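Asker: The following file, coords30.txt, comprises compact mmCIF, C-alpha atoms:
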```
# COMPACT_ATOMS: atom_id res chain seq x y z
CA MET C 1 -1.65 29.51 -13.32
CA VAL C 2 -2.73 32.97 -14.37
CA PHE C 3 -0.54 36.03 -13.88
CA ASN C 4 -2.88 38.98 -14.31
CA GLY C 5 -1.48 41.90 -16.29
CA LEU C 6 1.86 40.20 -17.02
CA GLY C 7 1.12 39.16 -20.59
CA HIS C 8 1.95 40.89 -23.86
CA HIS C 9 1.75 44.68 -23.64
CA LEU C 10 1.16 47.05 -26.53
CA PRO C 11 1.60 50.82 -26.10
CA GLY C 12 -1.68 52.46 -25.15
CA GLU C 13 -3.43 49.17 -24.34
CA ASP C 14 -3.91 47.14 -21.20
CA SER C 15 -1.51 44.26 -20.63
CA GLY C 16 -2.89 40.79 -21.17
CA ASP C 17 -2.65 37.94 -18.74
CA ALA C 18 0.15 35.37 -18.84
CA VAL C 19 -1.31 31.86 -18.58
CA ILE C 20 0.96 28.93 -17.72
CA VAL C 21 -0.34 25.36 -17.86
CA LEU C 22 1.59 22.76 -15.85
CA GLN C 23 1.32 19.03 -16.39
CA VAL C 24 2.31 16.79 -13.50
CA GLN C 25 4.42 13.87 -14.63
CA ASP C 26 4.00 10.51 -12.86
CA HIS C 27 6.96 9.37 -10.77
CA PRO C 28 8.04 5.71 -10.99
CA GLU C 29 8.01 5.26 -7.19
CA PHE C 30 6.07 8.07 -5.54
CA SER C 31 2.48 9.14 -5.92
CA ARG C 32 1.04 12.33 -4.51
CA LYS C 33 -2.22 13.45 -2.98
CA GLY C 34 -2.12 17.10 -1.99
CA SER C 35 0.98 17.63 0.12
CA HIS C 36 1.34 13.94 1.03
CA LEU C 37 3.55 11.41 -0.77
CA PHE C 38 2.90 7.67 -1.03
CA ILE C 39 5.34 4.84 -1.74
CA GLU C 40 5.20 1.02 -1.55
CA ARG C 41 7.99 -1.25 -0.37
CA ASP C 42 8.33 -5.04 -0.39
CA ILE C 43 9.76 -6.48 2.82
CA SER C 44 10.47 -10.01 3.99
CA LEU C 45 8.43 -11.83 6.61
CA THR C 46 11.47 -11.69 8.90
CA GLU C 47 11.62 -7.90 8.58
CA ALA C 48 7.88 -7.63 9.22
CA LEU C 49 8.10 -9.70 12.41
CA CYS C 50 11.55 -8.80 13.78
CA GLY C 51 12.05 -5.15 12.83
CA LEU C 52 13.54 -3.57 9.76
CA LYS C 53 15.88 -0.91 8.52
CA LEU C 54 15.53 0.38 4.99
CA VAL C 55 16.70 3.40 3.04
CA LEU C 56 14.22 5.58 1.17
CA LYS C 57 15.59 8.02 -1.37
CA THR C 58 13.60 11.28 -1.26
CA LEU C 59 12.60 13.39 -4.24
CA ASP C 60 15.20 15.99 -3.26
CA GLY C 61 18.02 13.39 -3.20
CA ARG C 62 18.29 12.80 0.54
CA SER C 63 18.42 9.28 2.01
CA LEU C 64 16.12 8.45 4.91
CA LEU C 65 17.10 5.55 7.14
CA VAL C 66 13.70 4.18 8.15
CA GLU C 67 13.58 1.89 11.18
CA ASN C 68 10.81 -0.14 12.75
CA ASN C 69 11.46 -1.72 16.12
CA PRO C 70 10.69 -5.41 16.73
CA GLU C 71 7.89 -4.66 19.20
CA SER C 72 5.83 -3.22 16.34
CA ILE C 73 4.94 -5.92 13.82
CA ILE C 74 4.24 -4.80 10.26
CA ARG C 75 1.21 -6.58 8.86
CA PRO C 76 0.73 -7.16 5.11
CA SER C 77 -0.54 -4.01 3.36
CA SER C 78 -0.12 -1.93 6.51
CA ILE C 79 0.77 1.72 6.13
CA ARG C 80 3.24 3.65 8.29
CA ILE C 81 3.91 7.39 8.28
CA VAL C 82 7.18 9.30 8.09
CA GLU C 83 6.08 12.70 9.33
CA SER C 84 7.02 15.90 7.49
CA GLU C 85 8.71 14.12 4.56
CA GLY C 86 6.04 14.90 1.97
CA MET C 87 5.72 17.89 -0.34
CA PRO C 88 6.34 21.44 0.90
CA ILE C 89 3.37 23.54 1.96
CA PRO C 90 4.30 27.21 1.55
CA ASN C 91 2.83 29.62 4.07
CA PRO C 92 2.10 32.99 2.41
CA HIS C 93 2.05 34.71 5.80
CA SER C 94 5.55 33.68 6.91
CA ASN C 95 8.86 32.41 5.58
CA ARG C 96 8.30 29.10 7.38
CA VAL C 97 7.58 26.10 5.15
CA THR C 98 5.81 23.03 6.51
CA TYR C 99 5.69 19.62 4.84
CA GLY C 100 3.13 16.93 4.24
CA ASP C 101 3.76 13.36 5.31
CA LEU C 102 5.27 10.36 3.55
CA TYR C 103 3.07 7.25 3.71
CA VAL C 104 4.82 3.89 3.25
CA LYS C 105 2.70 0.84 2.37
CA PHE C 106 4.42 -2.45 3.14
CA ASN C 107 3.92 -5.55 1.04
CA VAL C 108 5.12 -8.52 3.10
CA THR C 109 6.75 -11.26 1.03
CA PHE C 110 6.07 -14.72 2.43
CA PRO C 111 8.18 -17.79 1.67
CA THR C 112 6.74 -19.97 -1.07
CA ALA C 113 7.29 -23.19 0.92
CA LEU C 114 8.66 -24.42 4.25
CA ASP C 115 10.15 -27.78 5.11
CA LYS C 116 8.76 -29.78 8.03
CA ASP C 117 11.70 -28.96 10.35
CA THR C 118 11.29 -25.20 9.79
CA CYS C 119 7.53 -25.46 10.41
CA GLU C 120 8.16 -27.18 13.75
CA LYS C 121 10.65 -24.47 14.79
CA ILE C 122 8.17 -21.73 13.89
CA LYS C 123 5.39 -23.48 15.83
CA CYS C 124 7.62 -23.45 18.92
CA LEU C 125 8.13 -19.67 18.61
CA LEU C 126 4.60 -18.54 17.79
CA PRO C 127 1.36 -18.85 19.78
CA PRO C 128 -0.23 -22.29 19.46
CA VAL C 129 -2.79 -23.08 16.80
CA LEU C 130 -6.21 -23.53 18.38
CA PRO C 131 -7.58 -27.06 18.00
CA ILE C 132 -10.78 -27.58 16.03
CA GLU C 133 -13.38 -29.61 17.86
CA MET C 134 -15.54 -31.44 15.37
CA ASP C 135 -16.90 -34.94 15.05
CA ARG C 136 -15.30 -36.03 11.79
CA THR C 137 -17.37 -39.17 11.65
CA ARG C 138 -20.62 -37.27 11.07
CA GLU C 139 -22.21 -37.62 7.63
CA ASP C 140 -22.36 -33.85 7.01
CA VAL C 141 -18.61 -33.35 7.62
CA MET C 142 -16.25 -33.59 4.69
CA GLU C 143 -12.50 -32.97 4.80
CA VAL C 144 -11.06 -31.03 1.86
CA GLN C 145 -7.67 -29.56 0.94
CA LEU C 146 -6.85 -26.07 -0.31
CA SER C 147 -4.95 -25.86 -3.57
CA ASP C 148 -2.93 -23.03 -5.10
CA MET C 149 -4.42 -20.87 -7.82
CA GLU C 150 -2.11 -19.60 -10.52
CA GLU C 151 -2.04 -15.80 -10.77
CA ASP C 152 -3.15 -15.83 -14.41
CA GLU C 153 -5.81 -18.50 -13.84
CA GLY C 154 -8.63 -16.17 -12.79
CA CYS C 155 -12.00 -17.11 -11.28
CA HIS C 156 -13.93 -18.09 -14.37
CA ASP C 157 -17.16 -20.05 -14.25
CA ASP C 158 -17.89 -22.00 -17.41
CA ASN C 159 -21.53 -20.91 -17.16
CA ASP C 160 -20.71 -17.22 -16.60
CA ASP C 161 -19.90 -14.88 -19.49
CA SER C 162 -18.73 -12.01 -17.27
CA ASP C 163 -15.08 -11.12 -16.71
CA ASN C 164 -14.67 -12.29 -13.13
CA ASP C 165 -11.25 -11.20 -11.90
CA CYS C 166 -11.55 -12.75 -8.42
CA ASN C 167 -12.37 -9.40 -6.91
CA PHE C 168 -13.69 -10.00 -3.40
CA GLN C 169 -15.36 -6.59 -3.26
CA PRO C 170 -19.15 -6.74 -2.90
CA GLY C 171 -20.98 -6.19 -6.17
CA ILE C 172 -24.17 -4.30 -6.89
CA GLN C 173 -26.99 -5.65 -4.83
CA CYS C 174 -30.75 -5.26 -5.19
CA VAL C 175 -32.58 -3.27 -2.55
CA HIS C 176 -36.10 -4.43 -1.71
CA GLN C 177 -38.64 -1.62 -1.30
```
Starting from the coordinates I provided, produce the structure as C-alpha cells.
Answerer:
Amino acid sequence: MVFNGLGHHLPGEDSGDAVIVLQVQDHPEFSRKGSHLFIERDISLTEALCGLKLVLKTLDGRSLLVENNPESIIRPSSIRIVESEGMPIPNPHSNRVTYGDLYVKFNVTFPTALDKDTCEKIKCLLPPVLPIEMDRTREDVMEVQLSDMEEDEGCHDDNDDSDNDCNFQPGIQCVHQ
C-alpha cells in the first residue's frame, strides 16, 4: 500500500511516500479467495444422509451453528454456502459493510466395513440395487473381484518410469492435424 506524501518530510522539500508491504499469513483452517472464505469439514455418512448440526468458529471468534436438514443429502466433496460470513467488503461510498460468503466443502467419512446384518438393514432402507442381466456362461465373460489399494501403494507400472500418482485427470493428448 502506498500513502502518497505521507513519508519522511524535510524542510523545504516535498514529502516522500510511505510504502507498507503486507504479507498474508496462511490460516490452519480457512483459505481465502477475494472476499470469500473456504473451509473443509469431515462428516459421517449418517450426518450426510440424515442431516447434521455442526459449529464453525469464525475468524472474529463467533460460533456459527450450521444445520442441514435431512431432505438435503450432502454428497462427498459437495460444497455448501453460508451467505455473508466471508471477509468484509468495505464500501467507500457508504458506511455499510457487506461480506463475502463462507464455502464449506464436506468430506464424507464412510465406514471401513459392515457386517452382513447391517448390510441387509441398509438394503431395506435404500432403493434396490438394479440386477445385472448377463449370460455368465459365455466364453467372453469373466467374473473378477475388486481389492483394496493401500494409500501409499500408488499406481506404478513396472515398465513405466514416470511417477504415476493415480491421478484420474486426463493427460496431454496429441491432436491430429
Asker: Using all atoms listed in the file, which of C:Asn68, C:Ser44, C:Thr58, C:Ser78 sits nearest Pro111 in chain C?
Answerer: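 Counting all atoms listed in the file, the residue closest to Pro111 in chain C is C:Ser44.
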Asker: Using CA of Leu146 in chain C and CA of Ala113 in chain C as the two end points, give the distance in Å to one decimal.
Answerer: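 Computing it gives 14.5 Å between the two atoms.
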Asker: Pick out the residues sitting within 8 Å of range 18-21 of chain C, and hand them over as a PyMOL selection string; count all atoms listed in the file, and ignore anything fewer than 5 positions along from it in its own chain.
Answerer: chain C and resi 1-8
